[in-house]
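input25.cif follows; it contains mmCIF, C-alpha atoms.
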```cif
data_data
loop_
_atom_site.label_atom_id
_atom_site.label_comp_id
_atom_site.auth_asym_id
_atom_site.auth_seq_id
_atom_site.Cartn_x
_atom_site.Cartn_y
_atom_site.Cartn_z
CA MET A 1 113.22 110.52 123.55
CA PHE A 2 110.23 112.88 123.66
CA SER A 3 109.25 115.03 126.61
CA LEU A 4 105.74 115.57 127.96
CA GLU A 5 105.77 119.01 126.37
CA ASP A 6 106.60 117.44 122.99
CA ILE A 7 103.67 115.06 123.29
CA LEU A 8 101.15 117.69 124.37
CA SER A 9 102.27 120.16 121.71
CA GLY A 10 101.40 117.74 118.91
CA LYS A 11 104.74 118.39 117.20
CA ILE A 12 105.69 114.70 117.17
CA VAL A 13 102.89 113.72 114.80
CA THR A 14 102.26 115.16 111.33
CA LYS A 15 98.57 115.26 110.36
CA TYR A 16 97.13 115.25 106.85
CA GLU A 17 93.61 116.28 105.87
CA SER A 18 91.25 114.07 103.89
CA SER A 19 89.08 115.13 100.95
CA LEU A 20 86.21 113.50 102.88
CA LYS A 21 85.56 115.91 105.72
CA CYS A 22 82.63 113.83 106.98
CA LEU A 23 85.08 111.11 108.05
CA GLU A 24 87.09 113.64 110.02
CA GLU A 25 83.93 114.95 111.67
CA MET A 26 83.09 111.41 112.80
CA ILE A 27 86.43 110.85 114.53
CA GLY A 28 87.02 114.45 115.61
CA ASP A 29 90.47 114.69 114.04
CA LYS A 30 92.28 114.89 110.72
CA LEU A 31 92.02 111.48 109.11
CA TYR A 32 95.67 110.74 108.33
CA THR A 33 98.67 110.95 110.62
CA SER A 34 102.31 109.88 110.58
CA ASP A 35 101.57 107.91 113.75
CA GLY A 36 99.31 105.08 112.55
CA LEU A 37 98.07 103.13 109.55
CA ILE A 38 94.60 103.76 108.08
CA ALA A 39 92.65 100.89 106.49
CA ILE A 40 89.42 100.80 104.50
CA PHE A 41 87.67 97.56 103.56
CA SER A 42 84.64 96.48 101.59
CA GLN A 43 83.22 94.00 99.13
CA PRO A 44 84.47 94.26 95.51
CA GLU A 45 83.38 97.21 93.34
CA VAL A 46 82.14 99.33 96.23
CA GLY A 47 84.76 102.07 95.98
CA LYS A 48 88.03 101.25 97.77
CA THR A 49 90.29 102.04 94.82
CA LEU A 50 88.30 105.13 93.86
CA THR A 51 88.62 106.39 97.43
CA ALA A 52 92.37 105.75 97.36
CA ILE A 53 92.80 107.60 94.05
CA GLN A 54 90.67 110.52 95.20
CA GLU A 55 92.66 110.86 98.41
CA SER A 56 95.90 110.65 96.40
CA ALA A 57 94.72 113.44 94.10
CA TRP A 58 93.68 115.56 97.08
CA MET A 59 97.13 115.13 98.64
CA MET A 60 98.80 116.25 95.40
CA THR A 61 96.74 119.44 95.30
CA LYS A 62 98.12 120.20 98.78
CA GLY A 63 101.68 119.85 97.51
CA TYR A 64 102.30 116.34 98.84
CA ASN A 65 104.03 113.53 96.95
CA VAL A 66 102.22 110.20 96.71
CA LEU A 67 103.43 106.62 96.25
CA PHE A 68 100.59 104.39 95.04
CA ILE A 69 101.37 100.65 95.25
CA GLY A 70 98.86 98.72 93.15
CA THR A 71 98.49 94.94 93.47
CA GLU A 72 95.19 94.25 91.68
CA GLY A 73 95.49 95.70 88.17
CA ASN A 74 93.57 98.50 86.41
CA GLU A 75 95.19 101.19 88.61
CA ALA A 76 96.67 103.06 85.64
CA SER A 77 93.38 102.96 83.72
CA MET A 78 91.41 104.26 86.69
CA MET A 79 93.95 107.00 87.31
CA GLY A 80 93.82 108.02 83.66
CA LYS A 81 90.06 108.37 83.97
CA TRP A 82 89.78 109.99 87.39
CA LEU A 83 92.86 112.15 87.95
CA PRO A 84 91.82 114.78 85.35
CA LYS A 85 88.41 114.96 87.05
CA PHE A 86 89.97 115.41 90.48
CA LYS A 87 92.27 118.09 89.10
CA GLU A 88 89.18 119.92 87.83
CA ARG A 89 87.46 119.49 91.18
CA PHE A 90 90.31 120.16 93.62
CA GLY A 91 92.73 122.31 91.62
CA ASP A 92 96.20 121.92 90.12
CA PHE A 93 98.50 119.17 91.34
CA LYS A 94 101.43 120.70 93.21
CA GLY A 95 102.81 117.33 94.27
CA THR A 96 103.69 114.24 92.23
CA LEU A 97 102.28 110.71 92.09
CA TYR A 98 104.46 107.63 91.60
CA LEU A 99 102.77 104.34 90.66
CA GLU A 100 104.40 101.03 91.60
CA ARG A 101 102.74 97.79 90.46
CA ARG A 102 103.42 94.58 92.42
CA LYS A 103 101.06 91.72 91.62
CA THR A 104 102.62 88.80 93.53
CA LEU A 105 103.50 88.40 97.18
CA GLU A 106 107.11 87.64 96.26
CA SER A 107 107.33 90.84 94.20
CA LEU A 108 105.73 92.92 96.94
CA PHE A 109 108.17 91.64 99.55
CA GLU A 110 111.08 92.28 97.23
CA PHE A 111 109.86 95.88 96.92
CA LEU A 112 109.75 96.10 100.71
CA GLY A 113 113.28 94.75 101.01
CA PHE A 114 112.89 91.02 101.65
CA LYS A 115 113.60 87.89 99.67
CA ILE A 116 111.12 85.31 100.89
CA PHE A 117 110.47 81.58 100.61
CA LEU A 118 106.92 80.44 99.86
CA ASP A 119 105.94 76.83 99.27
CA TYR A 120 102.50 75.20 99.37
CA LYS A 121 102.49 71.71 100.83
CA GLY A 122 99.31 69.71 100.58
CA LYS A 123 96.67 68.34 98.26
CA VAL A 124 94.59 70.28 95.76
CA LYS A 125 91.19 68.78 94.96
CA GLU A 126 89.25 69.81 91.87
CA LYS A 127 85.55 70.45 92.59
CA LYS A 128 82.51 71.07 90.44
CA GLY A 129 82.38 74.41 88.69
CA GLY A 130 86.16 74.66 88.42
CA LYS A 131 86.68 75.46 92.09
CA LYS A 132 89.63 74.02 93.98
CA GLU A 133 89.82 72.77 97.53
CA PHE A 134 93.15 73.07 99.34
CA SER A 135 93.97 70.82 102.27
CA GLY A 136 97.54 71.90 103.01
CA LYS A 137 99.51 74.88 104.24
CA THR A 138 101.84 77.46 102.73
CA GLU A 139 105.23 77.75 104.36
CA PHE A 140 106.58 81.30 104.62
CA ARG A 141 109.92 82.62 105.79
CA VAL A 142 112.32 85.46 105.11
CA VAL A 143 115.45 84.28 103.31
CA GLU A 144 117.40 87.52 103.10
CA ARG A 145 117.13 91.23 103.86
CA ILE A 146 117.88 93.24 100.71
CA PRO A 147 117.89 96.98 99.94
CA SER A 148 114.36 98.33 100.21
CA ARG A 149 113.07 99.88 97.02
CA LEU A 150 110.16 101.25 99.07
CA GLU A 151 112.49 103.12 101.40
CA GLU A 152 114.57 104.37 98.48
CA ILE A 153 111.53 105.91 96.82
CA VAL A 154 110.07 107.33 100.04
CA LYS A 155 113.39 108.93 100.93
CA ASN A 156 114.53 110.19 97.53
CA LYS A 157 111.14 111.30 96.22
CA LYS A 158 110.13 112.82 99.57
CA ILE A 159 106.90 110.83 99.76
CA ASN A 160 104.24 112.13 102.14
CA PHE A 161 101.42 109.68 101.42
CA ILE A 162 101.66 105.93 100.71
CA VAL A 163 98.73 103.90 99.36
CA LEU A 164 98.75 100.08 99.27
CA ASP A 165 95.81 98.94 97.13
CA SER A 166 95.34 96.23 98.24
CA ILE A 167 97.17 94.18 100.84
CA THR A 168 94.71 91.30 100.34
CA ALA A 169 95.19 90.42 96.67
CA PRO A 170 98.81 89.17 96.82
CA MET A 171 98.02 87.30 100.03
CA LYS A 172 95.13 85.43 98.45
CA GLY A 173 97.39 84.46 95.59
CA ARG A 174 99.63 82.45 97.95
CA PHE A 175 97.53 81.52 100.99
CA TYR A 176 94.58 79.43 99.91
CA GLY A 177 91.11 78.66 101.17
CA SER A 178 90.91 77.38 104.74
CA GLN A 179 94.48 78.37 105.52
CA GLN A 180 93.74 82.10 105.27
CA ASP A 181 94.27 82.58 109.00
CA ASN A 182 97.26 80.32 109.53
CA PRO A 183 100.40 81.51 111.39
CA ALA A 184 102.46 81.85 108.21
CA LYS A 185 99.92 84.24 106.69
CA ALA A 186 99.75 86.18 109.96
CA GLY A 187 103.53 86.50 109.92
CA ALA A 188 103.57 87.74 106.34
CA MET A 189 100.84 90.28 107.08
CA ALA A 190 102.63 91.52 110.20
CA LEU A 191 105.89 92.00 108.30
CA ILE A 192 104.24 94.11 105.57
CA LEU A 193 102.44 96.29 108.10
CA SER A 194 105.59 96.66 110.22
CA GLU A 195 107.53 97.96 107.23
CA LEU A 196 104.85 100.55 106.48
CA ILE A 197 104.95 101.70 110.10
CA ARG A 198 108.73 101.95 109.86
CA MET A 199 108.32 104.29 106.88
CA GLN A 200 106.05 106.47 109.01
CA ASP A 201 108.54 106.54 111.85
CA GLU A 202 111.50 107.30 109.59
CA TYR A 203 109.94 109.68 107.05
CA ASP A 204 106.85 111.23 108.69
CA CYS A 205 104.38 110.03 106.05
CA ALA A 206 100.77 108.89 106.15
CA VAL A 207 99.65 105.44 104.95
CA LEU A 208 96.32 104.20 103.55
CA ILE A 209 95.71 100.47 103.01
CA THR A 210 92.75 98.89 101.22
CA VAL A 211 91.57 95.46 102.29
CA HIS A 212 88.98 92.95 101.11
CA GLU A 213 86.03 92.03 103.30
CA SER A 214 85.37 88.58 104.77
CA PHE A 215 82.27 87.38 106.58
CA ASN A 216 82.09 85.05 109.54
CA PRO A 217 80.93 81.69 108.06
CA ALA A 218 79.34 80.84 111.41
CA ASN A 219 77.08 83.88 111.11
CA PRO A 220 76.46 84.85 107.47
CA TYR A 221 73.71 87.24 108.53
CA GLU A 222 75.84 89.55 110.63
CA GLY A 223 75.53 93.14 109.43
CA ILE A 224 79.15 94.17 109.11
CA GLY A 225 81.87 91.86 107.90
CA ARG A 226 85.49 91.87 108.98
CA ALA A 227 88.56 92.99 107.11
CA THR A 228 90.50 90.07 105.69
CA GLY A 229 93.83 89.79 107.47
CA GLY A 230 92.98 88.56 110.93
CA ILE A 231 94.02 90.06 114.24
CA ASN A 232 97.24 91.54 112.86
CA LEU A 233 95.37 94.02 110.68
CA TYR A 234 93.29 95.17 113.65
CA HIS A 235 96.41 95.35 115.81
CA PHE A 236 98.54 97.42 113.41
CA CYS A 237 95.88 99.68 111.85
CA LYS A 238 94.77 102.31 114.35
CA ARG A 239 91.87 103.60 112.24
CA ILE A 240 89.71 101.23 110.21
CA PHE A 241 86.63 102.08 108.11
CA TYR A 242 84.10 99.83 106.41
CA ILE A 243 82.36 100.87 103.17
CA ASP A 244 79.08 99.29 102.11
CA ARG A 245 76.01 100.05 100.01
CA ARG A 246 72.37 99.08 100.23
CA ASP A 247 70.84 96.84 97.60
CA ALA A 248 67.99 99.16 96.58
CA THR A 249 68.29 100.59 93.06
CA ALA A 250 67.79 104.12 94.40
CA GLU A 251 70.90 103.65 96.58
CA LYS A 252 73.29 102.50 93.84
CA ASN A 253 75.25 105.80 93.83
CA TYR A 254 75.46 106.02 97.62
CA ARG A 255 77.88 104.43 100.08
CA ARG A 256 77.82 104.18 103.87
CA ILE A 257 81.12 104.43 105.76
CA TRP A 258 81.29 102.92 109.24
CA VAL A 259 83.92 103.51 111.92
CA ILE A 260 85.24 100.08 112.88
CA ARG A 261 88.25 101.25 114.83
CA SER A 262 89.34 104.68 116.01
CA GLU A 263 90.36 106.29 119.26
CA ASP A 264 87.63 106.04 121.94
CA ILE A 265 84.93 105.02 119.41
CA VAL A 266 82.91 101.82 119.81
CA ALA A 267 83.01 99.74 116.62
CA GLY A 268 79.92 100.32 114.47
CA SER A 269 78.59 103.14 116.66
CA ARG A 270 79.24 105.89 114.09
CA ALA A 271 78.70 106.04 110.36
CA THR A 272 78.24 108.56 107.58
CA ALA A 273 77.18 108.41 103.95
CA VAL A 274 78.63 109.68 100.69
CA LYS A 275 77.56 109.93 97.07
CA ILE A 276 79.53 109.02 93.94
CA ASN A 277 79.09 111.07 90.78
CA ASP A 278 81.18 112.06 87.75
CA LEU A 279 83.58 114.05 89.94
CA GLY A 280 84.16 111.39 92.56
CA ILE A 281 83.04 110.81 96.14
CA HIS A 282 81.22 113.56 98.05
CA CYS A 283 80.05 113.93 101.64
CA LEU A 284 76.32 114.49 102.13
CA PRO A 285 74.28 116.92 104.24
CA GLU A 286 73.21 115.39 107.56
CA LYS A 287 69.56 114.98 106.48
CA GLU A 288 70.60 112.91 103.45
CA VAL A 289 73.01 110.91 105.59
CA GLN A 290 70.16 109.88 107.90
CA GLU A 291 68.10 108.72 104.91
CA ARG A 292 70.79 106.20 103.93
CA PHE A 293 70.27 104.15 107.11
CA THR A 294 67.33 102.10 108.33
CA LYS A 295 65.61 102.93 111.61
CA GLY A 296 67.06 99.76 113.07
CA GLU A 297 70.60 100.76 112.10
CA LEU A 298 70.20 104.25 113.54
CA GLU A 299 68.83 102.84 116.79
CA LYS A 300 71.66 100.31 117.06
CA MET A 301 74.28 103.04 116.57
CA ARG A 302 72.57 105.14 119.25
CA ARG A 303 72.64 102.25 121.73
CA LEU A 304 76.30 101.52 121.03
CA ARG A 305 77.23 105.16 121.61
CA GLU A 306 75.42 105.13 124.97
CA GLU A 307 76.98 101.91 126.26
#
```
Would you mind giving the structure from this file in structure tokens?
Amino acid sequence: MFSLEDILSGKIVTKYESSLKCLEEMIGDKLYTSDGLIAIFSQPEVGKTLTAIQESAWMMTKGYNVLFIGTEGNEASMMGKWLPKFKERFGDFKGTLYLERRKTLESLFEFLGFKIFLDYKGKVKEKKGGKKEFSGKTEFRVVERIPSRLEEIVKNKKINFIVLDSITAPMKGRFYGSQQDNPAKAGAMALILSELIRMQDEYDCAVLITVHESFNPANPYEGIGRATGGINLYHFCKRIFYIDRRDATAEKNYRRIWVIRSEDIVAGSRATAVKINDLGIHCLPEKEVQERFTKGELEKMRRLREE
């Protein structure tokens, strides 16, 4: 039990700084805490994994140990390319990084400490262009609780920062097409997120999750998509950021980062911009940030802040 004095003193929660100070300026706090999951989402090849690797490198320069759980492939190659650059930029690594690769949902759950049952029941129809149409559902349930390799590593290696890149890929491999939002998928998502929160509660670490973006098919012209994962992702992740880029050739090295969820901030009412170069992702001066947004976008953010 915590007293009022404990809460007000801030001693209950451990906070961790980000390499991207512009994000912290937007929310008025250090980005990472031991009291809530952080998620970033975007379309492919916009910069989720690069952001995760940069933040991991930054944590190591501060003396923190990092567990990076990769589910999509190419993590080791990207780290081999970028970690030396981040060491040059941020300084020597005083902490250690551990890479765990889990490509299937079954393997990921086994790492978390669960043997699960997954079985697709339904028809699969072949369509033109090699696409498949699924008309059934995937059944999901926990068969057995087993020793958690995740907890073993976090405890024994004294992990301060956990990255899951991404939570979406193994889900897509087992929950198909129109069933993406079914109850079984929601249950699987909730169980993964709950285990990550348990690690925070038990071991005082921060957690960053990357997520794919999905658009509302009823409104393909809406400006900002949603993170794949349904209501559970928005329920469990207390801070959520969306990364996008404009189509213009002159903007190819720039990204905009929108606040989708954070304490006392209206979704989409605040955003910043960053630039990617040979040494990673960098915050921009305010004048250059403003140039990354259209007049309409700036006006919409102003209205949302005033509501």
Using all atoms listed in the file, which of the listed residues (A:Thr96, A:Ser166, A:Thr14, A:Ser19) sits closest to A:Ile69?
A:Ser166
Residue neighbourhood stretch 79-87 of chain A, 8 Å, only C-alpha atoms, exclusion window fewer than 3 positions, as an NGL selection string:
:A and (53-54 or 57-58 or 61 or 75-76 or 90-93 or 278-280)
Check what the PyMOL selection byres ((chain A and resi 233-236) around 12) selects in the file above and give those residues as an MDAnalysis selection string.
chainID A and resid 35:41 167:168 181 185:198 207 209:212 226:232 237:241 260:262 267
Atom CA of A:Ile12 to atom CA of A:Ser34: how many Å, to one decimal?
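Interatomic distance here is 8.8 Å.
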Atom CA of A:Phe111 to atom CA of A:Asn160, straight-line distance in Å:
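Answer for the atom CA of A:Asn160 to atom CA of A:Phe111 separation: 18.0 Å.
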Would you pick out the contacts of A:Lys94 at 7 Å or less, using all atoms listed in the file, so that residues sharing its chain but fewer than 3 positions from it are not included, and give the list as a list in words?
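In the requested form, the answer reads Met60, Thr61, Lys62 and Gly63 of chain A.
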Name all residues at most 8 Å from A:Ser56 (count all atoms listed in the file; drop same-chain ones fewer than 6 positions away) and give them as an mmCIF file with C-alpha atoms, in the coordinates of the input.
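Full text of part.cif as output:
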```cif
data_model
loop_
_atom_site.group_PDB
_atom_site.id
_atom_site.type_symbol
_atom_site.label_atom_id
_atom_site.label_comp_id
_atom_site.auth_asym_id
_atom_site.auth_seq_id
_atom_site.Cartn_x
_atom_site.Cartn_y
_atom_site.Cartn_z
ATOM 1 C CA VAL A 66 102.220 110.200 96.710
ATOM 2 C CA PHE A 68 100.590 104.390 95.040
ATOM 3 C CA LEU A 97 102.280 110.710 92.090
ATOM 4 C CA PHE A 161 101.420 109.680 101.420
ATOM 5 C CA VAL A 163 98.730 103.900 99.360
#
```
Residues in the PyMOL selection byres ((chain A and resi 269) around 12), expressed as a PDB file with C-alpha atoms, in the coordinates of the input:
```
ATOM      1  CA  MET A  26      83.090 111.410 112.800  1.00  0.00           C
ATOM      2  CA  ILE A  27      86.430 110.850 114.530  1.00  0.00           C
ATOM      3  CA  ILE A 224      79.150  94.170 109.110  1.00  0.00           C
ATOM      4  CA  PHE A 241      86.630 102.080 108.110  1.00  0.00           C
ATOM      5  CA  ILE A 257      81.120 104.430 105.760  1.00  0.00           C
ATOM      6  CA  TRP A 258      81.290 102.920 109.240  1.00  0.00           C
ATOM      7  CA  VAL A 259      83.920 103.510 111.920  1.00  0.00           C
ATOM      8  CA  ILE A 260      85.240 100.080 112.880  1.00  0.00           C
ATOM      9  CA  ARG A 261      88.250 101.250 114.830  1.00  0.00           C
ATOM     10  CA  SER A 262      89.340 104.680 116.010  1.00  0.00           C
ATOM     11  CA  ASP A 264      87.630 106.040 121.940  1.00  0.00           C
ATOM     12  CA  ILE A 265      84.930 105.020 119.410  1.00  0.00           C
ATOM     13  CA  VAL A 266      82.910 101.820 119.810  1.00  0.00           C
ATOM     14  CA  ALA A 267      83.010  99.740 116.620  1.00  0.00           C
ATOM     15  CA  GLY A 268      79.920 100.320 114.470  1.00  0.00           C
ATOM     16  CA  ARG A 270      79.240 105.890 114.090  1.00  0.00           C
ATOM     17  CA  ALA A 271      78.700 106.040 110.360  1.00  0.00           C
ATOM     18  CA  THR A 272      78.240 108.560 107.580  1.00  0.00           C
ATOM     19  CA  GLU A 297      70.600 100.760 112.100  1.00  0.00           C
ATOM     20  CA  LEU A 298      70.200 104.250 113.540  1.00  0.00           C
ATOM     21  CA  GLU A 299      68.830 102.840 116.790  1.00  0.00           C
ATOM     22  CA  LYS A 300      71.660 100.310 117.060  1.00  0.00           C
ATOM     23  CA  MET A 301      74.280 103.040 116.570  1.00  0.00           C
ATOM     24  CA  ARG A 302      72.570 105.140 119.250  1.00  0.00           C
ATOM     25  CA  ARG A 303      72.640 102.250 121.730  1.00  0.00           C
ATOM     26  CA  LEU A 304      76.300 101.520 121.030  1.00  0.00           C
ATOM     27  CA  ARG A 305      77.230 105.160 121.610  1.00  0.00           C
ATOM     28  CA  GLU A 306      75.420 105.130 124.970  1.00  0.00           C
ATOM     29  CA  GLU A 307      76.980 101.910 126.260  1.00  0.00           C
TER      30      GLU A 307
END
```
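The space separating atom CA of A:Gly113 from atom CA of A:Lys157 comes to 17.4 Å.
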Taking 6 positions as the minimum chain separation for residues in the same chain, which residues sit within 10 Å of A:His282 when counting only C-alpha atoms? Answer as a PyMOL selection string.
chain A and resi 19-22+254-255+273-276
Counting all atoms listed in the file, the residue of A:Val289, A:Leu118, A:Ala250, A:Cys205 that sits nearest A:Lys158
A:Cys205
Best match for closeness to A:Asn65 among A:Ile162, A:Ala169, A:Leu31, A:Ile146, counting all atoms listed in the file
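Ranked by minimum distance to A:Asn65, first place goes to A:Ile162.
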Using only C-alpha atoms, which of A:Gln43, A:Asp165, A:Ala52, A:Phe140 sits nearest A:Arg101?
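The shortest atom-to-atom distance to A:Arg101 comes from A:Asp165.
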